[in-house]
Amino acid sequence: MIGAPLRRREDLRFLTGQARYVADLEVPRMLHAAFLRSPHAHARLVGIDAAPARSAPGVAACLTGEELHRHVRPLRAPSRMKDYRPTDFPALALGKVRHAGEAVAAVVAESRYAAEDALDLIEVEYAPLPAVAEAPAAMAEGSPLVHEDAGSNVLLSRAFAQGDVETAFRGAAAVVGDRFRFHRHAGVAIENRACLADFDAGRGALTLWTSTQIPGIVRDALAELLALPAQSVRVVAPDVGGGFGVKTVLYPEEIAVAVLARRLGQPVKWVGDRREDLLSSTQAWDEIIDAELALDAEGAIRGLRARVVADVGAYSIYPWTASIEVIQVVSFLPGPYRVPHYRAEAFGVATNKAPMGPYRGVGRPVAVFVMEALLDRAARRLGLDPLEVRRRNVIRSGELPYRSPSGIVWDSGSFAECLERAAEVAGYAGLRQEQERARAAGRRLGIGLGSYVELTGVGSAIPVSPGADIATGTEGATVRMEPGGGVTAIFGLACHGQGHETALAQVVAAELGVKVDDVRVLQGDTGLSPHGTGTYASRSAVLGGGAAILAARAVRDKALAIAAHQLEASAGDLEIAAGVIGVRGVPDRALTLAQVTAAAYAGTKRLPKGMEPGLEATRFYDPYLGTASNATHLAVVEVDPSTCAVRVLRYVVVEDCGRIINPLIVEGQAIGGVVQGIGAALLEELVYAADGQLLTATLMDYLVPTAGDVPAIEVHHVERPSPTTLGGFKGVGEGGTIGAPAAVANAVADALAPLGIEITELPVTGERLFRLLAARR
Amino acid sequence: MKMSDKVPVRLTVNGTSREGRCEPRKLLVDFLREDLGLTGTHVGCEHGICGACTIMLNGEAARSCIMLAVQADGAEIVTIEGLAQAGQLHPLQEAFREHHGLQCGFCTPGMLMTALDFLHVHPDPTEAEIREGISAVLCRCTGYQGIVNAVKAAAPALNRSR
């Protein structure tokens with residue numbers, strides 16, 4: 001059952017138009033919200049006249065920041081991190097606006113059309129302030145301050161050091177380095193953010209349906225903000241149309257609709273449009289990385305040093321804070337390589353752009369791009385093949401567990417094996433020959449490698465985001481036998497495309513000895529599930545799978561004890577298969593799970609002495625440290641200098657995500673992740689003007705890869721079960737996006753190496769390529 | 001006539017005559033979802049790029065987010081809800097399931113309608129033609145591979161049912 005490429009059980013409703021996303025939900029007496037958004041990147045709010053909007057046809061309410069924040073305090077993401085300056089994030093702007101697209105007022109009306117009409121009637125007087133849209137400028141003396149009370153735009157900084165980097169560099173045979181830049185990126189889930197709040201005044205209880213990955217976190221935070229007991233707030237993530245990390249944040253609109261629904265005594269729904277998504281959902285990356293690598297004459301790494309400056313945008317997001325992306329860059333920069341001496345410092349700098357948040361891979365796509373680019377430069381400098389320089393530095397299986405220079409422990413993995421296997425399945429030597437032939441024929445073909453190791457299924461030992469004041473190390477599962485012998489399995493996770501209803505059912509079914517089709521998985525509803533936080537950080541297979549195993553095992557043990565009592569056999573002689581408990585070797589002495597379940601609920605009379613009735617268990621799992629997932633990616637590209645087009649001709653992934661629950665789903669995650677990474681490398685860029693205006697606020701300007709932009713991706717597995725997690729599972733949701741930018745960037749650089757062109761900036765859009773080529777002509 | 005005055009819209013949806021009254025400015029996709037209760041057609045961008053709202057309009061794929069409901073008056077429309085017949089999945093739907101052509105499912109209705117239209121025009125497509133053909137719809141989850149494989153696999157079955 002585990003390891004089978006089962007077709008997904010959730011597919012039917014998606015294929016037939018019967019899924020239920022937030023926008024599809026209707027609650028009686030429901031009203032519709034729309035948000036007025038700032039046209040300025042930085043401006044003082046002098047005055048707002050909402051009266052004309054309030055008297056517009058069909059309008060129930062118009063709320064400004066001043067009014068909203070009489071009911072709820074601004075959000076503030078705390079952190080235990082030293083050198084972190086906490087700042088307020090109002091749900092509707094208070095006093096001033098800090099980025100274009102920030103919500104300034106909300107209108108609630110009988111339809112979205114009427115609400116948007118009324119937005120036009122709100123008169124806002126802005127006094128524009130100088131905007132700062134680049135981190136270096138924001139760090140400079142005399143820069144306008146995004147948050148005056150913070151006293152600086154540098155909201156956080158942190159340094160890592162191991163060993164003696166200066167000495168390592170002094171004695172080096174080769175030092176390679178550069179200034180790298182990874183521009184801003186958008187998650188672009190095809191379902192925009194949306195939420196629907198319903199406050200039941202009679203019960204003093206709030207229900208919020210929201211397109212989120214973190215219903216548990218939203219529940220706990222909303223309860224606190226609204227001064228409601230946690231048990232009186234229910235947060236439901238119904239079908240969610242993609243998230244990619246962008247939906248792991250408590251958003252202003254979620255707070256606003258909750259307050260509005262409570263105040264109005266009517267349910268309030270908001271469905272964001274694409275412009276709102278591109279302007280106000282959290283964005284990714286936007287970092288400048290100065291990095292240098294020192295090597296000895298044989299190509300062994302002696303040391304690595306880096307300085308990373310991240311543009312974190314206008315607000316520090318809840319719960320992860322503004323630190324999540326940039327700290328991960330420096331935490332993961334050394335990658336799966338031996339780096340004896342390491343020093344890195346990271347800065348998170350506020351600007352007048354949309355807030356930065358976690359996006360698939362978080363920091364690691366940037367880290368891997370930089371590290372792998374440095375290795376290719378080192379190979380060229382030392383006259384080594386890029387594959388060879390990696391072979392000389394990659395951490396071997398015999399060296400595991402390995403403590404990285406930033407303090408992360410790699411519990412297990414197959415770093416060298418994935419590298420070798422990728423070279424083998426891609427036919428690396430043959431590709432180099434093909435490249436030679438192509439070059440002789442005037443074609444610019446390039447081969448790029450990218451390897452990474454990431455920490456997945458992180459337990460309670462370390463917070464998922466450095467210093468974040470929130471528990472992310474545990475998940476619960478409830479497994480319940482139902483009359484008839486079927487099973488309900490309930491999780492605090494929140495699937496948004498990963499196929500939990502199939503994969504987690506496989507885990508439960510394998511443990512219980514029932515058919516996968518007899519297990520129904522429920523999740524994404526804090527009113528149903530044991531405590532949990534949600535689905536992010538490649539954690540659901542590890543934490544959810546682990547909790548499922550523990551809970552199912554407890555139910556199985558109890559079912560066996562009941563059956564042993566009824567069959568007058570020893571529990572040790574019993575086995576469960578296909579929903580039947582039988583005595584091993586005695587085919588006619590058997591009970592169905594339906595019979596056992598009936599006995600369990602019938603009560604004491606049919607149960608062993610002293611046994612509590614019922615047949616369900618709730619268990620929590622904490623993998624404590626977390627487990628390493630790793631992969632090598634290999635890309636082959638062709639650059640056409642006359643059109644500046646880059647075509648990815650071939651793409652190979654060799655990955656190790658431990659014990660695979662469902663290869664169909666694993667490969668889907670890997671391929672989908674790679675395509676997002678190819679987009680990041682070649683196409684996708686949020687462009688802001690110097691005054692903080694977003695110039696790419698439509699999908700005509702912000703280019704997401706289409707089917708025609710990408711090749712078929714070849715995925716191979718090195719399946720090495722984790723020694724530290726229950727079930728041997730490792731996370732796989734993010735990896736594709738972590739490896740791809742590096743592999744593609746290196747392939748483009750390799751194609752253009754004869755021209756002396758290095759790739760330091762991603763994405764390598766046609767325009768950037770044109771400039772690089774023009775400078776060489 | 002005021003902008004907010006409602007006008008009648010009559011059309012055939014999934015083989016059934018439907019009628020509603022809406023403001024002339026109402027988008028076809030909003031009319032389908034809100035007035036006719038057919039929420040299977042999704043809104044992803046409202047500017048005609050992502051393709052999530054694709055329906056069949058008089059036998060051809062069309063984006064219901066950049067059309068007004070009144071423009072579709074008298075038209076024959078097929079939405080995702082009309083694809084399966086008598087409880088049987090359409091071969092294209094079957095193929096999407098078989099080849100893991102969907103993850104979050106949000107683009108899926110528009111992708112299916114686009115693929116259906118594409119296969120009507122290209123009964124025996126190459127992979128490159130499929131990639132070109134479905135590039136009218138953005139999928140952010142699958143990397144398109146499962147979709148491409150599904151469309152390729154469904155082509156013979158669709159030809160048989162012609």
# chains A, B, ... in the order shown; residues from 1 in each chain; ligands from 1
>>> residues_around(residues="Arg25 in chain B", least_positions_apart="2", cutoff="7 Å", atoms="only C-alpha atoms", output="list of chain:residue names")
B:Glu23, B:Leu27, B:Leu68
>>> interface_residues(of="chain A", to="chain B", cutoff="7 Å", atoms="only C-alpha atoms", output="ChimeraX atom specification")
/A:7,11,14-18,24,189-192,240-242,273-274,496-498,664,668,671-672,675,699-700,706-708,712
>>> write_last_selection(atoms="C-alpha atoms", output="mmCIF file, in the first residue's frame")
data_model
loop_
_atom_site.group_PDB
_atom_site.id
_atom_site.type_symbol
_atom_site.label_atom_id
_atom_site.label_comp_id
_atom_site.auth_asym_id
_atom_site.auth_seq_id
_atom_site.Cartn_x
_atom_site.Cartn_y
_atom_site.Cartn_z
ATOM 1 C CA ARG A 7 -4.635 7.270 -8.440
ATOM 2 C CA ASP A 11 -9.583 13.849 -8.088
ATOM 3 C CA PHE A 14 -11.898 18.435 -9.024
ATOM 4 C CA LEU A 15 -12.476 16.834 -12.414
ATOM 5 C CA THR A 16 -16.224 17.322 -12.326
ATOM 6 C CA GLY A 17 -16.439 20.894 -11.061
ATOM 7 C CA GLN A 18 -17.697 19.820 -7.654
ATOM 8 C CA ASP A 24 -17.787 28.708 -4.119
ATOM 9 C CA ALA A 189 -1.446 30.235 -6.858
ATOM 10 C CA ILE A 190 -4.137 30.056 -9.519
ATOM 11 C CA GLU A 191 -6.768 30.466 -6.806
ATOM 12 C CA ASN A 192 -6.391 33.963 -5.402
ATOM 13 C CA VAL A 240 -7.454 25.363 -1.643
ATOM 14 C CA GLY A 241 -6.216 26.157 -5.132
ATOM 15 C CA GLY A 242 -2.496 26.159 -4.553
ATOM 16 C CA ASP A 273 -8.596 39.267 -7.656
ATOM 17 C CA ARG A 274 -5.286 38.764 -9.443
ATOM 18 C CA HIS A 496 -3.678 22.495 -1.207
ATOM 19 C CA GLY A 497 -2.865 20.046 -3.985
ATOM 20 C CA GLN A 498 -0.551 17.500 -2.387
ATOM 21 C CA LEU A 664 2.732 9.452 -8.507
ATOM 22 C CA GLY A 668 4.035 15.418 -9.371
ATOM 23 C CA ILE A 671 7.983 18.162 -11.566
ATOM 24 C CA GLY A 672 5.702 20.989 -10.488
ATOM 25 C CA VAL A 675 8.733 24.142 -13.414
ATOM 26 C CA LEU A 699 -0.263 37.973 -15.685
ATOM 27 C CA MET A 700 0.559 39.628 -19.001
ATOM 28 C CA THR A 706 3.204 27.786 -19.805
ATOM 29 C CA ALA A 707 3.299 24.203 -21.051
ATOM 30 C CA GLY A 708 5.197 25.382 -24.090
ATOM 31 C CA ALA A 712 9.260 16.969 -19.879
#
>>> residues_around(residues="Val654 in chain A", least_positions_apart="6", cutoff="9 Å", atoms="only C-alpha atoms", output="PyMOL selection string")
chain A and resi 418-419+421-422+425+630-634+714-718
>>> residues_around(residues="Glu125 in chain A", least_positions_apart="6", cutoff="10 Å", atoms="only C-alpha atoms", output="list in words")
Ala43, Arg44, Leu45, Val46, Gly47, Ile48 and Asp49 of chain A
>>> write_last_selection(atoms="N, CA and C atoms", output="PDB file, in the first residue's frame")
ATOM      1  N   ALA A  43       2.903  57.133   1.822  1.00  0.00           N
ATOM      2  CA  ALA A  43       2.160  58.393   1.951  1.00  0.00           C
ATOM      3  C   ALA A  43       1.515  58.467   3.322  1.00  0.00           C
ATOM      4  N   ARG A  44       1.403  59.678   3.815  1.00  0.00           N
ATOM      5  CA  ARG A  44       0.644  59.886   5.040  1.00  0.00           C
ATOM      6  C   ARG A  44      -0.830  59.924   4.695  1.00  0.00           C
ATOM      7  N   LEU A  45      -1.636  59.339   5.587  1.00  0.00           N
ATOM      8  CA  LEU A  45      -3.075  59.392   5.397  1.00  0.00           C
ATOM      9  C   LEU A  45      -3.557  60.646   6.102  1.00  0.00           C
ATOM     10  N   VAL A  46      -3.951  61.640   5.317  1.00  0.00           N
ATOM     11  CA  VAL A  46      -4.381  62.900   5.919  1.00  0.00           C
ATOM     12  C   VAL A  46      -5.840  62.806   6.347  1.00  0.00           C
ATOM     13  N   GLY A  47      -6.633  62.192   5.516  1.00  0.00           N
ATOM     14  CA  GLY A  47      -8.048  62.070   5.873  1.00  0.00           C
ATOM     15  C   GLY A  47      -8.755  61.103   4.940  1.00  0.00           C
ATOM     16  N   ILE A  48      -9.802  60.484   5.463  1.00  0.00           N
ATOM     17  CA  ILE A  48     -10.609  59.582   4.643  1.00  0.00           C
ATOM     18  C   ILE A  48     -12.070  59.971   4.840  1.00  0.00           C
ATOM     19  N   ASP A  49     -12.762  60.218   3.765  1.00  0.00           N
ATOM     20  CA  ASP A  49     -14.201  60.489   3.837  1.00  0.00           C
ATOM     21  C   ASP A  49     -14.941  59.287   3.265  1.00  0.00           C
TER      22      ASP A  49
END
>>> residues_around(residues="Ala429 in chain A", least_positions_apart="6", cutoff="12 Å", atoms="only C-alpha atoms", output="PyMOL selection string")
chain A and resi 385-388+420+422-423+435-436+447
>>> closest_residue(among="A:Ala174, A:Leu431, A:Ile301, A:Val72", to="Pro90 in chain A", atoms="only C-alpha atoms")
A:Val72
>>> atom_distance(atom1="CA of Pro763 in chain A", atom2="CA of Glu685 in chain A")
6.8 Å
>>> residues_around(residues="Leu57 in chain B", least_positions_apart="5", cutoff="10 Å", atoms="only C-alpha atoms", output="VMD selection string")
chain B and resid 12 to 13 62 to 64 72 75 to 79
>>> write_last_selection(atoms="N, CA and C atoms", output="JSON list (two decimals), in the first residue's frame")
[["chain", "number", "residue", "atom", "x", "y", "z"],
["B", 12, "THR", "N", -28.39, 28.16, -23.30],
["B", 12, "THR", "CA", -28.45, 26.73, -23.04],
["B", 12, "THR", "C", -27.15, 26.33, -22.38],
["B", 13, "VAL", "N", -27.24, 25.75, -21.19],
["B", 13, "VAL", "CA", -26.03, 25.34, -20.47],
["B", 13, "VAL", "C", -26.09, 23.85, -20.21],
["B", 62, "ALA", "N", -13.84, 29.31, -24.85],
["B", 62, "ALA", "CA", -13.91, 30.76, -24.68],
["B", 62, "ALA", "C", -13.67, 31.10, -23.22],
["B", 63, "ARG", "N", -13.15, 32.29, -22.98],
["B", 63, "ARG", "CA", -12.86, 32.72, -21.60],
["B", 63, "ARG", "C", -14.04, 33.49, -21.05],
["B", 64, "SER", "N", -14.65, 32.93, -20.05],
["B", 64, "SER", "CA", -15.89, 33.52, -19.54],
["B", 64, "SER", "C", -15.62, 34.71, -18.62],
["B", 72, "ALA", "N", -23.51, 36.47, -24.22],
["B", 72, "ALA", "CA", -23.73, 35.04, -24.43],
["B", 72, "ALA", "C", -25.21, 34.71, -24.57],
["B", 75, "ALA", "N", -26.64, 31.71, -26.53],
["B", 75, "ALA", "CA", -25.54, 30.80, -26.85],
["B", 75, "ALA", "C", -25.76, 29.42, -26.25],
["B", 76, "GLU", "N", -24.97, 28.51, -26.77],
["B", 76, "GLU", "CA", -24.96, 27.15, -26.22],
["B", 76, "GLU", "C", -23.63, 26.98, -25.49],
["B", 77, "ILE", "N", -23.73, 26.68, -24.22],
["B", 77, "ILE", "CA", -22.53, 26.65, -23.38],
["B", 77, "ILE", "C", -22.37, 25.26, -22.76],
["B", 78, "VAL", "N", -21.14, 24.80, -22.71],
["B", 78, "VAL", "CA", -20.84, 23.61, -21.91],
["B", 78, "VAL", "C", -19.83, 24.02, -20.85],
["B", 79, "THR", "N", -20.15, 23.73, -19.61],
["B", 79, "THR", "CA", -19.21, 23.98, -18.51],
["B", 79, "THR", "C", -18.70, 22.63, -18.01]]
>>> residues_around(residues="range 95-112 of chain A", least_positions_apart="6", cutoff="6 Å", atoms="only C-alpha atoms", output="JSON, numbers by chain")
{"A": [31, 32, 33, 34, 35, 36, 37, 38, 39, 40, 41, 42, 43, 44, 45, 58, 59, 60, 61, 62, 63, 64, 279, 280, 314, 352, 353, 354]}
>>> write_last_selection(atoms="C-alpha atoms", output="short mmCIF file (atom, residue, chain, number, x, y, z; two decimals), in the first residue's frame")
data_model
loop_
_atom_site.label_atom_id
_atom_site.label_comp_id
_atom_site.auth_asym_id
_atom_site.auth_seq_id
_atom_site.Cartn_x
_atom_site.Cartn_y
_atom_site.Cartn_z
CA LEU A 31 -22.37 40.05 2.22
CA HIS A 32 -19.36 40.80 0.02
CA ALA A 33 -16.28 42.82 0.87
CA ALA A 34 -13.95 44.80 -1.35
CA PHE A 35 -10.80 46.64 -0.29
CA LEU A 36 -9.64 50.07 -1.31
CA ARG A 37 -5.90 49.88 -1.93
CA SER A 38 -3.32 52.59 -1.80
CA PRO A 39 -2.11 53.98 -5.13
CA HIS A 40 0.98 55.33 -3.34
CA ALA A 41 3.95 53.34 -2.12
CA HIS A 42 4.53 55.67 0.80
CA ALA A 43 2.16 58.39 1.95
CA ARG A 44 0.64 59.89 5.04
CA LEU A 45 -3.08 59.39 5.40
CA GLY A 58 -26.47 48.11 -1.35
CA VAL A 59 -23.66 49.11 0.99
CA ALA A 60 -23.78 47.76 4.55
CA ALA A 61 -20.54 49.20 5.90
CA CYS A 62 -17.39 51.06 5.04
CA LEU A 63 -14.55 50.70 7.46
CA THR A 64 -11.30 52.63 7.72
CA LEU A 279 0.03 43.70 -5.13
CA SER A 280 -0.60 42.41 -1.64
CA ALA A 314 6.93 46.98 4.11
CA ASN A 352 8.04 50.39 0.34
CA LYS A 353 7.18 47.16 -1.45
CA ALA A 354 4.76 44.35 -0.61
#
>>> select_by_dssp(residues="range 69-157 of chain A", states="strand (DSSP E or B)", output="NGL selection string")
:A and (75-76 or 79 or 84 or 88-89 or 94 or 96-97 or 103-109 or 123-128 or 154-157)
>>> write_last_selection(atoms="N, CA and C atoms", output="compact mmCIF listing (two decimals), in the first residue's frame")
# COMPACT_ATOMS: atom_id res chain seq x y z
N LEU A 75 -1.43 43.75 13.96
CA LEU A 75 -0.69 42.50 14.10
C LEU A 75 0.77 42.83 14.37
N ARG A 76 1.43 41.99 15.15
CA ARG A 76 2.86 42.21 15.40
C ARG A 76 3.49 40.83 15.49
N SER A 79 9.55 37.78 17.80
CA SER A 79 10.66 36.87 17.52
C SER A 79 11.62 36.90 18.69
N TYR A 84 16.41 41.88 16.17
CA TYR A 84 15.17 41.93 15.40
C TYR A 84 14.33 43.06 15.96
N ASP A 88 4.65 46.97 13.65
CA ASP A 88 3.21 46.71 13.53
C ASP A 88 2.80 46.50 12.08
N PHE A 89 1.81 45.64 11.91
CA PHE A 89 1.20 45.40 10.60
C PHE A 89 -0.30 45.60 10.77
N LEU A 94 -2.97 52.51 9.00
CA LEU A 94 -3.15 53.43 10.13
C LEU A 94 -2.11 54.53 10.02
N LYS A 96 -0.34 55.97 7.96
CA LYS A 96 0.28 56.08 6.64
C LYS A 96 0.22 54.75 5.90
N VAL A 97 0.46 54.83 4.62
CA VAL A 97 0.55 53.60 3.81
C VAL A 97 2.01 53.35 3.51
N ALA A 103 -4.08 47.74 1.88
CA ALA A 103 -5.51 47.98 2.10
C ALA A 103 -5.69 49.20 3.00
N VAL A 104 -6.56 50.11 2.56
CA VAL A 104 -6.78 51.36 3.28
C VAL A 104 -8.18 51.39 3.90
N ALA A 105 -9.14 50.82 3.19
CA ALA A 105 -10.51 50.79 3.69
C ALA A 105 -11.22 49.57 3.11
N ALA A 106 -12.30 49.17 3.78
CA ALA A 106 -13.07 48.03 3.29
C ALA A 106 -14.53 48.44 3.14
N VAL A 107 -15.14 48.00 2.07
CA VAL A 107 -16.58 48.21 1.88
C VAL A 107 -17.25 46.85 1.89
N VAL A 108 -18.40 46.78 2.58
CA VAL A 108 -19.19 45.56 2.57
C VAL A 108 -20.53 45.88 1.95
N ALA A 109 -20.92 45.09 0.95
CA ALA A 109 -22.16 45.38 0.24
C ALA A 109 -22.85 44.08 -0.15
N GLU A 123 -13.25 59.00 -0.47
CA GLU A 123 -12.29 60.07 -0.74
C GLU A 123 -11.14 59.94 0.25
N VAL A 124 -9.94 59.67 -0.27
CA VAL A 124 -8.78 59.58 0.61
C VAL A 124 -7.82 60.70 0.26
N GLU A 125 -7.40 61.44 1.28
CA GLU A 125 -6.37 62.45 1.03
C GLU A 125 -5.03 61.89 1.48
N TYR A 126 -4.15 61.73 0.52
CA TYR A 126 -2.81 61.22 0.82
C TYR A 126 -1.81 62.37 0.75
N ALA A 127 -0.83 62.36 1.63
CA ALA A 127 0.32 63.27 1.48
C ALA A 127 1.52 62.39 1.15
N PRO A 128 1.87 62.34 -0.14
CA PRO A 128 2.94 61.40 -0.54
C PRO A 128 4.25 61.68 0.19
N VAL A 154 16.61 48.59 8.80
CA VAL A 154 17.19 47.25 8.99
C VAL A 154 16.42 46.59 10.13
N LEU A 155 15.47 45.73 9.75
CA LEU A 155 14.59 45.14 10.76
C LEU A 155 15.24 43.96 11.46
N LEU A 156 16.25 43.39 10.85
CA LEU A 156 16.91 42.25 11.49
C LEU A 156 18.29 42.06 10.88
N SER A 157 19.15 41.44 11.66
CA SER A 157 20.45 41.03 11.13
C SER A 157 20.93 39.84 11.95
>>> closest_residue(among="A:Gly527, A:Pro52, A:Pro319, A:Gly427", to="Ser232 in chain A", atoms="only C-alpha atoms")
A:Gly527
>>> closest_residue(among="B:Pro91, B:Gly74, B:Pro156, B:Gly59", to="Thr114 in chain B", atoms="only C-alpha atoms")
B:Gly59
